[in-house]
Each structure stands twice: as structure tokens, then as C-alpha cells.
Amino acid sequence: MTFDALWESILDVGQEPSTGGYRRFAWNDADLTLREWFRDCASQRAMTTEEDRNGNLWAWWMPAGWHGDPKDAFVTGSHLDSVPDGGAYDGPLGVVSAFAAVDLVRARGIVPTRPIAVVAFSDEEGARFGVACVGSQLSTGALKPERALALRDADGISLGEALTKAGRDPRHLGPDHTLTERVGVYVELHVEQGRALDLMEHPIAVASSIWPHGRWLFTFTGEANHAGATRLVDRRDPMLAYATTVHTARRAAEVHEAVATFGKLRVLPNGANAIPSEIRAWLDARAADEDTLARLVEHISAEARAQSTRDNIGLHIEAESVTPIVEFPPEPRARIIRALRWLDDVPVLPTAAGHDAGILSAKVPTAMLFVRNPTGVSHSPAEYASPEDCRSGAEALADVMADYVS
């Protein structure tokens, strides 16, 4: 099957007609539909499908005559879930390209000498339960099962409850102790989340590193009261400190040459005529190095504490997840560049976006390929990669796959 046919087969899954964006969240109906699509793709290619203890999907192509469990496999893929009203490419492009690369390698008559796997990691975006890369973090031991099971979505449903409803046993969650034996290298293809390739006029790049990044929950607590009858001098309104903190984050990001975003907010009691009693706001912060990230978050936190004291409200700050810098190992990167000799001068770029490849890098050799995004927009319906560049990405991934398994 061609890349185009594979791509078109999932374009309507989880798409919201009113926005054009995707709402493919962990264990919702769209996610379960895509999981069945993954199994169908594997079956059509006579690949064995496995769902591991953490909900990650694996499709295995074993060499002829191979006996026993897979070892030292070439693994490629990405994820199938999205952010709220996200674009079509972030995640699924890597999984579709992986199956397309398998087809291309087979069409070339290449007989693999080592196992090949296509993987779709579970809940990479963290849109439903608030923590990113849940599947890969659980598998590497970076996320403890107890904490994962206690995560709750906006409706109060825990991850454990969602798994049970989907027919999975939440007691199975935990580290995958076979990961380092089974995976020889993991190469993730992803749409570029930025516009560097468009400006450089290159269709494909290789990743050098992932910026350190994290999510922090700021909980501002005040006192609910009547919006009309309460004098200004008597108010303990947490919205003021929150608003000031949003402006602080922007200024601090500029000072530290980093990025900081408050993109998720929950207000209690959330009435138009009520002073809030609580503001829960999530800070996403990223920087080029870990020291800068720490200074950035402390800058924002200190200003938030000071404003909260002035407004006579409470403030609690909790680090929900912090991921250190990932420097992709040079050997896989150099090998990929050699395999892509037909692409003149393959750029090597850092990224400020987190990926499963970054999580797995603590356990196995990893690398990433980026496909040009001419809009520079991601996490939005405007995210885009041209069909020609997508096909080039699948061809490039096939070349890398062939180099590793021939």
C-alpha cells in the first residue's frame, strides 16, 4: 500500500468537524479505533501484533527462520494520540511512514537479518491525563505505576478506570525489562514542529537533541464570593495573581532566551458572576539547557509567590514532569546521514518539542528524522507537510531501515 493510501485511511478518525482539529485522546473512542487500524495494518503485512503491559502497540516483522523472542531489533514509529484540536501530522505521520517504509523495503526485495518493529506509543501527548509520554515513561521506569494510575482526566476518571473500561488490566503497568534486549535502535520520524527546514529549503533533517522541558501546576487559592456585591478591598481573587504570572512567564522567557506557556486553565467555581475560589494553571517551560530551565521556572515561581502574598491568596507549585536534555547519540545519527546520501547536506537540528525517542534514549540508542513543515505551525489544525515531503520522509526511513537490517 502506498503512503498516500495509508495516510488517507485515518484522516477522518477523531476529527472535530467544527474546528478541523483532532481529539484523539488516550483510550477514547478515536484512540481505540486507531489501535484497531494499527492491528489491521500489521495483519495486512503478516506482522505479529503485540500490546505490551503499558498499552504500547508493536508490529513485528521477524526474519525468516528466526526462533525465540526478538532481539536487537530496528524499531520505528511514533504515537497516534493528539493534543486537543491538534493537527493530523504530529505522531501519526511517524506510524504511517513506518508501515510505508516496511512496504518499500519489501518491494526492494530486501530480506531482513534482524527483527523490525513498528511501534505506536500510548498517550504521548498527555492531553487527557496531564502527563506526557505515559506509555514510554512507564516502559522505561521513568513513571511509576502508582502515580500513573492515580492520574485523572477533567471528568475525574482515573487512568486505571479508563484502562479497565477499555478492557485492559491496570495491574499490568510497569517497566518493560525486555526493552534493552529487544530494541537495538529506535528511529522516530516526526513532522517538524517549527519552520527551520522550510527556511533552509530542505525536506528532511536529523535531530541532534531535545531541549529540557517540563510541566508545573500552579494552584492559586482565594475565596469565592459575589462578583457584584463584594467590595474590591474585601476580595481574595486568585485570578489577579494568575494573570500577573502569565505576563511574568512571557517576560522571563524573553530574558532567558527560552519559552514558557500557560495553555491550560481550570477555574472554580467557574461562574461569570462569581469571584473564583481556585485557579489551577499549567506552565509548560523549555530551554536550551537545564540550568537555564531551572532559572526560568524559579523566576516565574518567585514572582507568582510575591504577587500571591500581595493579594492575600495561597499558592502551591508542583512539578508534574521534568525531562532533562536529550543528546541523541552520534553513532546512529552519523549512520542515518550516510544512509541518506541522496539528500544533499542533511541538516542536523535541535528541537524544543518532547518525544518518545527522548524518553527511550535513557535505555536504548535513539535517533529522529524530521519532515518539513512549511507553515511552522504544530499542535493546531494548520500543521502541515506536503504529500511530496511525506513520501520523501517514508523513502528516507526505508533507506535507514534497509541500512540497519540488510
# chains A, B, ... in the order shown; residues from 1 in each chain; ligands from 1

call {"tool": "residues_around", "arguments": {"residues": "Leu143 (chain A)", "least_positions_apart": "6", "cutoff": "12 Å", "atoms": "only C-alpha atoms", "output": "list in words"}}
result
Asn54, Val131, Ala132, Cys133, Val134, Gly135, Ser136, Gln137, Leu149, Ala150, Leu151, Leu173, Gly174, Pro175, Asp176, Glu320, Ser321, Val322, Thr323 and Ile359 of chain A

call {"tool": "write_last_selection", "arguments": {"atoms": "N, CA and C atoms", "output": "CSV table (one decimal), in the first residue's frame"}}
result
chain,number,residue,atom,x,y,z
A,54,ASN,N,1.9,-1.7,29.0
A,54,ASN,CA,1.6,-0.3,29.2
A,54,ASN,C,0.8,0.3,28.0
A,131,VAL,N,-0.1,14.1,31.9
A,131,VAL,CA,1.4,13.7,31.8
A,131,VAL,C,1.7,13.2,30.5
A,132,ALA,N,2.8,13.7,29.9
A,132,ALA,CA,3.2,13.3,28.5
A,132,ALA,C,3.9,12.0,28.5
A,133,CYS,N,3.9,11.3,27.4
A,133,CYS,CA,4.7,10.1,27.2
A,133,CYS,C,4.5,9.1,28.2
A,134,VAL,N,3.2,8.8,28.5
A,134,VAL,CA,2.9,7.9,29.6
A,134,VAL,C,3.4,6.5,29.2
A,135,GLY,N,3.1,6.0,28.0
A,135,GLY,CA,3.5,4.7,27.6
A,135,GLY,C,5.0,4.4,27.7
A,136,SER,N,5.8,5.4,27.1
A,136,SER,CA,7.2,5.2,27.1
A,136,SER,C,7.8,5.4,28.4
A,137,GLN,N,7.3,6.3,29.2
A,137,GLN,CA,7.8,6.6,30.6
A,137,GLN,C,7.5,5.4,31.5
A,149,LEU,N,-1.6,5.4,37.6
A,149,LEU,CA,-2.9,5.0,37.9
A,149,LEU,C,-3.8,6.0,38.6
A,150,ALA,N,-3.1,6.9,39.3
A,150,ALA,CA,-3.8,8.0,40.1
A,150,ALA,C,-4.1,9.2,39.2
A,151,LEU,N,-3.6,9.3,38.0
A,151,LEU,CA,-3.8,10.4,37.2
A,151,LEU,C,-5.3,10.5,36.8
A,173,LEU,N,0.6,-2.5,34.5
A,173,LEU,CA,1.5,-1.4,34.2
A,173,LEU,C,2.8,-1.5,34.9
A,174,GLY,N,3.9,-1.1,34.2
A,174,GLY,CA,5.2,-1.2,34.9
A,174,GLY,C,6.4,-1.2,33.9
A,175,PRO,N,7.6,-1.2,34.4
A,175,PRO,CA,8.8,-1.2,33.5
A,175,PRO,C,8.8,-2.4,32.6
A,176,ASP,N,9.3,-2.2,31.4
A,176,ASP,CA,9.5,-3.3,30.4
A,176,ASP,C,11.0,-3.7,30.5
A,320,GLU,N,4.9,18.5,37.8
A,320,GLU,CA,4.3,17.3,37.4
A,320,GLU,C,5.2,16.4,36.5
A,321,SER,N,6.0,17.0,35.7
A,321,SER,CA,7.0,16.2,35.0
A,321,SER,C,8.1,17.1,34.5
A,322,VAL,N,9.4,16.6,34.6
A,322,VAL,CA,10.5,17.4,34.2
A,322,VAL,C,11.4,16.4,33.4
A,323,THR,N,11.7,16.8,32.2
A,323,THR,CA,12.6,15.9,31.4
A,323,THR,C,13.9,16.6,31.1
A,359,ILE,N,12.5,9.9,25.7
A,359,ILE,CA,12.3,9.1,26.8
A,359,ILE,C,13.1,7.8,26.7

call {"tool": "select_by_dssp", "arguments": {"residues": "region 197-308 of chain A", "states": "strand (DSSP E)", "output": "count of residues only"}}
result
39

call {"tool": "residues_around", "arguments": {"residues": "region 102-105 of chain A", "least_positions_apart": "2", "cutoff": "8 Å", "atoms": "only C-alpha atoms", "output": "ChimeraX atom specification"}}
result
/A:1-2,98-100,107-110,395,398-399,401-402

call {"tool": "closest_residue", "arguments": {"among": "A:Leu197, A:Leu340, A:Val364, A:Val371", "to": "Val75 (chain A)", "atoms": "only C-alpha atoms"}}
result
A:Val364

call {"tool": "atom_distance", "arguments": {"atom1": "CA of Thr309 (chain A)", "atom2": "CA of Asn225 (chain A)"}}
result
19.3 Å

call {"tool": "residues_around", "arguments": {"residues": "region 282-290 of chain A", "least_positions_apart": "3", "cutoff": "7 Å", "atoms": "only C-alpha atoms", "output": "number ranges by chain"}}
result
A: 211-218, 258-265, 293-294, 324-325, 352

call {"tool": "write_last_selection", "arguments": {"atoms": "N, CA and C atoms", "output": "mmCIF file, in the first residue's frame"}}
result
data_model
loop_
_atom_site.group_PDB
_atom_site.id
_atom_site.type_symbol
_atom_site.label_atom_id
_atom_site.label_comp_id
_atom_site.auth_asym_id
_atom_site.auth_seq_id
_atom_site.Cartn_x
_atom_site.Cartn_y
_atom_site.Cartn_z
ATOM 1 N N TRP A 211 15.502 19.812 23.780
ATOM 2 C CA TRP A 211 15.637 20.726 24.912
ATOM 3 C C TRP A 211 15.050 20.120 26.191
ATOM 4 N N PRO A 212 15.618 20.419 27.335
ATOM 5 C CA PRO A 212 14.970 20.046 28.596
ATOM 6 C C PRO A 212 13.656 20.805 28.738
ATOM 7 N N HIS A 213 12.661 20.142 29.319
ATOM 8 C CA HIS A 213 11.341 20.760 29.402
ATOM 9 C C HIS A 213 10.545 20.131 30.539
ATOM 10 N N GLY A 214 9.440 20.774 30.887
ATOM 11 C CA GLY A 214 8.607 20.227 31.947
ATOM 12 C C GLY A 214 7.278 20.929 32.049
ATOM 13 N N ARG A 215 6.421 20.374 32.935
ATOM 14 C CA ARG A 215 5.109 20.951 33.225
ATOM 15 C C ARG A 215 4.998 21.157 34.727
ATOM 16 N N TRP A 216 4.548 22.341 35.096
ATOM 17 C CA TRP A 216 4.381 22.687 36.503
ATOM 18 C C TRP A 216 2.941 23.147 36.731
ATOM 19 N N LEU A 217 2.318 22.635 37.797
ATOM 20 C CA LEU A 217 0.961 23.028 38.148
ATOM 21 C C LEU A 217 1.009 24.128 39.205
ATOM 22 N N PHE A 218 0.452 25.285 38.861
ATOM 23 C CA PHE A 218 0.333 26.409 39.783
ATOM 24 C C PHE A 218 -1.121 26.433 40.286
ATOM 25 N N ALA A 258 14.267 31.512 26.235
ATOM 26 C CA ALA A 258 13.598 30.226 26.354
ATOM 27 C C ALA A 258 12.139 30.402 25.947
ATOM 28 N N VAL A 259 11.294 29.433 26.275
ATOM 29 C CA VAL A 259 9.858 29.559 26.032
ATOM 30 C C VAL A 259 9.107 29.126 27.283
ATOM 31 N N ALA A 260 7.988 29.813 27.551
ATOM 32 C CA ALA A 260 7.148 29.486 28.699
ATOM 33 C C ALA A 260 5.703 29.785 28.328
ATOM 34 N N THR A 261 4.818 28.830 28.628
ATOM 35 C CA THR A 261 3.432 28.945 28.179
ATOM 36 C C THR A 261 2.473 28.466 29.252
ATOM 37 N N PHE A 262 1.465 29.263 29.530
ATOM 38 C CA PHE A 262 0.310 28.801 30.288
ATOM 39 C C PHE A 262 -0.799 28.536 29.276
ATOM 40 N N GLY A 263 -1.061 27.263 28.992
ATOM 41 C CA GLY A 263 -2.036 26.931 27.962
ATOM 42 C C GLY A 263 -3.238 26.168 28.468
ATOM 43 N N LYS A 264 -3.213 25.781 29.741
ATOM 44 C CA LYS A 264 -4.321 25.002 30.300
ATOM 45 C C LYS A 264 -4.730 25.623 31.626
ATOM 46 N N LEU A 265 -6.037 25.783 31.829
ATOM 47 C CA LEU A 265 -6.542 26.512 32.985
ATOM 48 C C LEU A 265 -7.854 25.895 33.457
ATOM 49 N N LEU A 293 16.658 26.375 32.263
ATOM 50 C CA LEU A 293 15.280 25.989 32.564
ATOM 51 C C LEU A 293 14.977 26.179 34.048
ATOM 52 N N ALA A 294 15.899 25.760 34.908
ATOM 53 C CA ALA A 294 15.686 25.903 36.349
ATOM 54 C C ALA A 294 15.565 27.377 36.744
ATOM 55 N N PRO A 324 15.016 15.943 31.424
ATOM 56 C CA PRO A 324 16.319 16.572 31.178
ATOM 57 C C PRO A 324 16.639 16.644 29.688
ATOM 58 N N ILE A 325 17.694 17.336 29.356
ATOM 59 C CA ILE A 325 18.112 17.445 27.958
ATOM 60 C C ILE A 325 18.453 16.057 27.414
ATOM 61 N N ALA A 352 12.763 21.725 20.437
ATOM 62 C CA ALA A 352 12.254 22.056 21.766
ATOM 63 C C ALA A 352 11.023 21.238 22.119
#

call {"tool": "closest_residue", "arguments": {"among": "A:Asn56, A:Thr48, A:Ser392, A:Ser82", "to": "Phe25 (chain A)", "atoms": "only C-alpha atoms"}}
result
A:Ser82

call {"tool": "residues_around", "arguments": {"residues": "His379 (chain A)", "least_positions_apart": "5", "cutoff": "7 Å", "atoms": "only C-alpha atoms", "output": "ChimeraX atom specification"}}
result
/A:83,86-87

call {"tool": "write_last_selection", "arguments": {"atoms": "all heavy atoms", "output": "short mmCIF file (atom, residue, chain, number, x, y, z; two decimals), in the first residue's frame"}}
result
data_model
loop_
_atom_site.label_atom_id
_atom_site.label_comp_id
_atom_site.auth_asym_id
_atom_site.auth_seq_id
_atom_site.Cartn_x
_atom_site.Cartn_y
_atom_site.Cartn_z
N VAL A 83 -3.05 16.34 20.79
CA VAL A 83 -3.46 17.38 21.73
C VAL A 83 -4.89 17.78 21.39
O VAL A 83 -5.41 17.42 20.33
CB VAL A 83 -2.53 18.61 21.66
CG1 VAL A 83 -1.10 18.22 22.00
CG2 VAL A 83 -2.59 19.27 20.29
N GLY A 86 -5.68 19.14 17.82
CA GLY A 86 -4.36 19.13 17.21
C GLY A 86 -4.42 18.88 15.72
O GLY A 86 -5.48 18.68 15.12
N GLY A 87 -3.23 18.87 15.10
CA GLY A 87 -3.12 18.63 13.68
C GLY A 87 -3.06 17.16 13.35
O GLY A 87 -2.96 16.30 14.22
#

call {"tool": "closest_residue", "arguments": {"among": "A:Ala26, A:Ser122, A:Ala306, A:Leu57", "to": "Arg152 (chain A)", "atoms": "only C-alpha atoms"}}
result
A:Ala26

call {"tool": "residues_around", "arguments": {"residues": "Ala196 (chain A)", "least_positions_apart": "4", "cutoff": "10 Å", "atoms": "only C-alpha atoms", "output": "number ranges by chain"}}
result
A: 192, 200-202, 205, 347, 349, 372-374, 376

call {"tool": "closest_residue", "arguments": {"among": "A:Leu369, A:Ala302, A:Met47, A:Val405", "to": "Trp61 (chain A)", "atoms": "only C-alpha atoms"}}
result
A:Met47

call {"tool": "closest_residue", "arguments": {"among": "A:Val206, A:Ala166, A:Leu6, A:Ala224", "to": "Thr33 (chain A)", "atoms": "only C-alpha atoms"}}
result
A:Ala166

call {"tool": "closest_residue", "arguments": {"among": "A:Leu32, A:Ala142, A:Ala127, A:Met239", "to": "Ala154 (chain A)", "atoms": "only C-alpha atoms"}}
result
A:Ala127

call {"tool": "residues_around", "arguments": {"residues": "region 328-337 of chain A", "least_positions_apart": "3", "cutoff": "8 Å", "atoms": "only C-alpha atoms", "output": "PyMOL selection string"}}
result
chain A and resi 185+206-209+340-341+346+361+365-367+400

call {"tool": "atom_distance", "arguments": {"atom1": "CA of Gly141 (chain A)", "atom2": "CA of Phe129 (chain A)"}}
result
18.0 Å

call {"tool": "select_by_dssp", "arguments": {"residues": "region 120-335 of chain A", "states": "alpha helix (DSSP H)", "output": "ChimeraX atom specification"}}
result
/A:134-140,145-150,159-165,179-182,196-200,238-255,290-310,330-335

call {"tool": "decode", "arguments": {"residues": "region 319-343 of chain A", "atoms": "N, CA, C and O atoms", "output": "short mmCIF file (atom, residue, chain, number, x, y, z; two decimals), in the first residue's frame"}}
result
data_model
loop_
_atom_site.label_atom_id
_atom_site.label_comp_id
_atom_site.auth_asym_id
_atom_site.auth_seq_id
_atom_site.Cartn_x
_atom_site.Cartn_y
_atom_site.Cartn_z
N ALA A 319 5.81 20.33 40.46
CA ALA A 319 6.39 19.87 39.20
C ALA A 319 5.75 18.54 38.83
O ALA A 319 5.96 17.53 39.50
N GLU A 320 4.95 18.54 37.77
CA GLU A 320 4.28 17.30 37.36
C GLU A 320 5.20 16.41 36.53
O GLU A 320 5.12 15.19 36.62
N SER A 321 6.05 17.01 35.73
CA SER A 321 7.02 16.23 34.96
C SER A 321 8.15 17.15 34.53
O SER A 321 7.89 18.28 34.12
N VAL A 322 9.37 16.65 34.64
CA VAL A 322 10.55 17.40 34.20
C VAL A 322 11.45 16.43 33.44
O VAL A 322 11.85 15.40 33.99
N THR A 323 11.75 16.77 32.21
CA THR A 323 12.58 15.90 31.37
C THR A 323 13.90 16.59 31.09
O THR A 323 13.91 17.71 30.58
N PRO A 324 15.02 15.94 31.42
CA PRO A 324 16.32 16.57 31.18
C PRO A 324 16.64 16.64 29.69
O PRO A 324 15.93 16.06 28.86
N ILE A 325 17.69 17.34 29.36
CA ILE A 325 18.11 17.44 27.96
C ILE A 325 18.45 16.06 27.41
O ILE A 325 18.95 15.18 28.13
N VAL A 326 18.12 15.85 26.16
CA VAL A 326 18.46 14.60 25.48
C VAL A 326 19.43 14.93 24.35
O VAL A 326 19.09 15.70 23.45
N GLU A 327 20.62 14.38 24.44
CA GLU A 327 21.60 14.49 23.36
C GLU A 327 21.58 13.16 22.60
O GLU A 327 21.99 12.13 23.14
N PHE A 328 21.04 13.16 21.39
CA PHE A 328 20.98 11.91 20.64
C PHE A 328 22.39 11.41 20.35
O PHE A 328 23.27 12.20 19.98
N PRO A 329 22.62 10.10 20.51
CA PRO A 329 23.98 9.56 20.34
C PRO A 329 24.50 9.78 18.92
O PRO A 329 23.74 9.69 17.95
N PRO A 330 25.79 10.05 18.78
CA PRO A 330 26.33 10.39 17.46
C PRO A 330 26.35 9.23 16.47
O PRO A 330 26.22 9.45 15.27
N GLU A 331 26.51 7.99 16.95
CA GLU A 331 26.64 6.87 16.01
C GLU A 331 25.39 6.64 15.17
O GLU A 331 25.48 6.58 13.93
N PRO A 332 24.20 6.53 15.79
CA PRO A 332 23.01 6.39 14.93
C PRO A 332 22.80 7.59 14.01
O PRO A 332 22.38 7.42 12.86
N ARG A 333 23.06 8.79 14.51
CA ARG A 333 22.89 9.98 13.69
C ARG A 333 23.81 9.93 12.47
O ARG A 333 23.38 10.21 11.34
N ALA A 334 25.08 9.58 12.68
CA ALA A 334 26.03 9.51 11.57
C ALA A 334 25.62 8.42 10.57
O ALA A 334 25.74 8.59 9.35
N ARG A 335 25.13 7.31 11.10
CA ARG A 335 24.72 6.22 10.22
C ARG A 335 23.53 6.63 9.37
O ARG A 335 23.45 6.29 8.18
N ILE A 336 22.59 7.34 9.95
CA ILE A 336 21.42 7.81 9.20
C ILE A 336 21.85 8.77 8.09
O ILE A 336 21.37 8.67 6.95
N ILE A 337 22.75 9.68 8.41
CA ILE A 337 23.21 10.64 7.40
C ILE A 337 23.89 9.91 6.24
O ILE A 337 23.70 10.25 5.07
N ARG A 338 24.67 8.87 6.56
CA ARG A 338 25.31 8.08 5.50
C ARG A 338 24.27 7.37 4.64
O ARG A 338 24.41 7.28 3.41
N ALA A 339 23.21 6.87 5.28
CA ALA A 339 22.16 6.16 4.54
C ALA A 339 21.35 7.09 3.64
O ALA A 339 20.70 6.64 2.69
N LEU A 340 21.41 8.39 3.95
CA LEU A 340 20.64 9.37 3.19
C LEU A 340 21.55 10.21 2.29
O LEU A 340 21.34 11.41 2.11
N ARG A 341 22.54 9.57 1.70
CA ARG A 341 23.49 10.29 0.86
C ARG A 341 22.82 10.97 -0.33
O ARG A 341 23.33 11.94 -0.87
N TRP A 342 21.68 10.42 -0.74
CA TRP A 342 20.96 11.02 -1.88
C TRP A 342 20.37 12.38 -1.53
O TRP A 342 20.01 13.14 -2.43
N LEU A 343 20.28 12.69 -0.24
CA LEU A 343 19.85 14.02 0.19
C LEU A 343 21.10 14.86 0.43
O LEU A 343 21.90 14.54 1.31
#
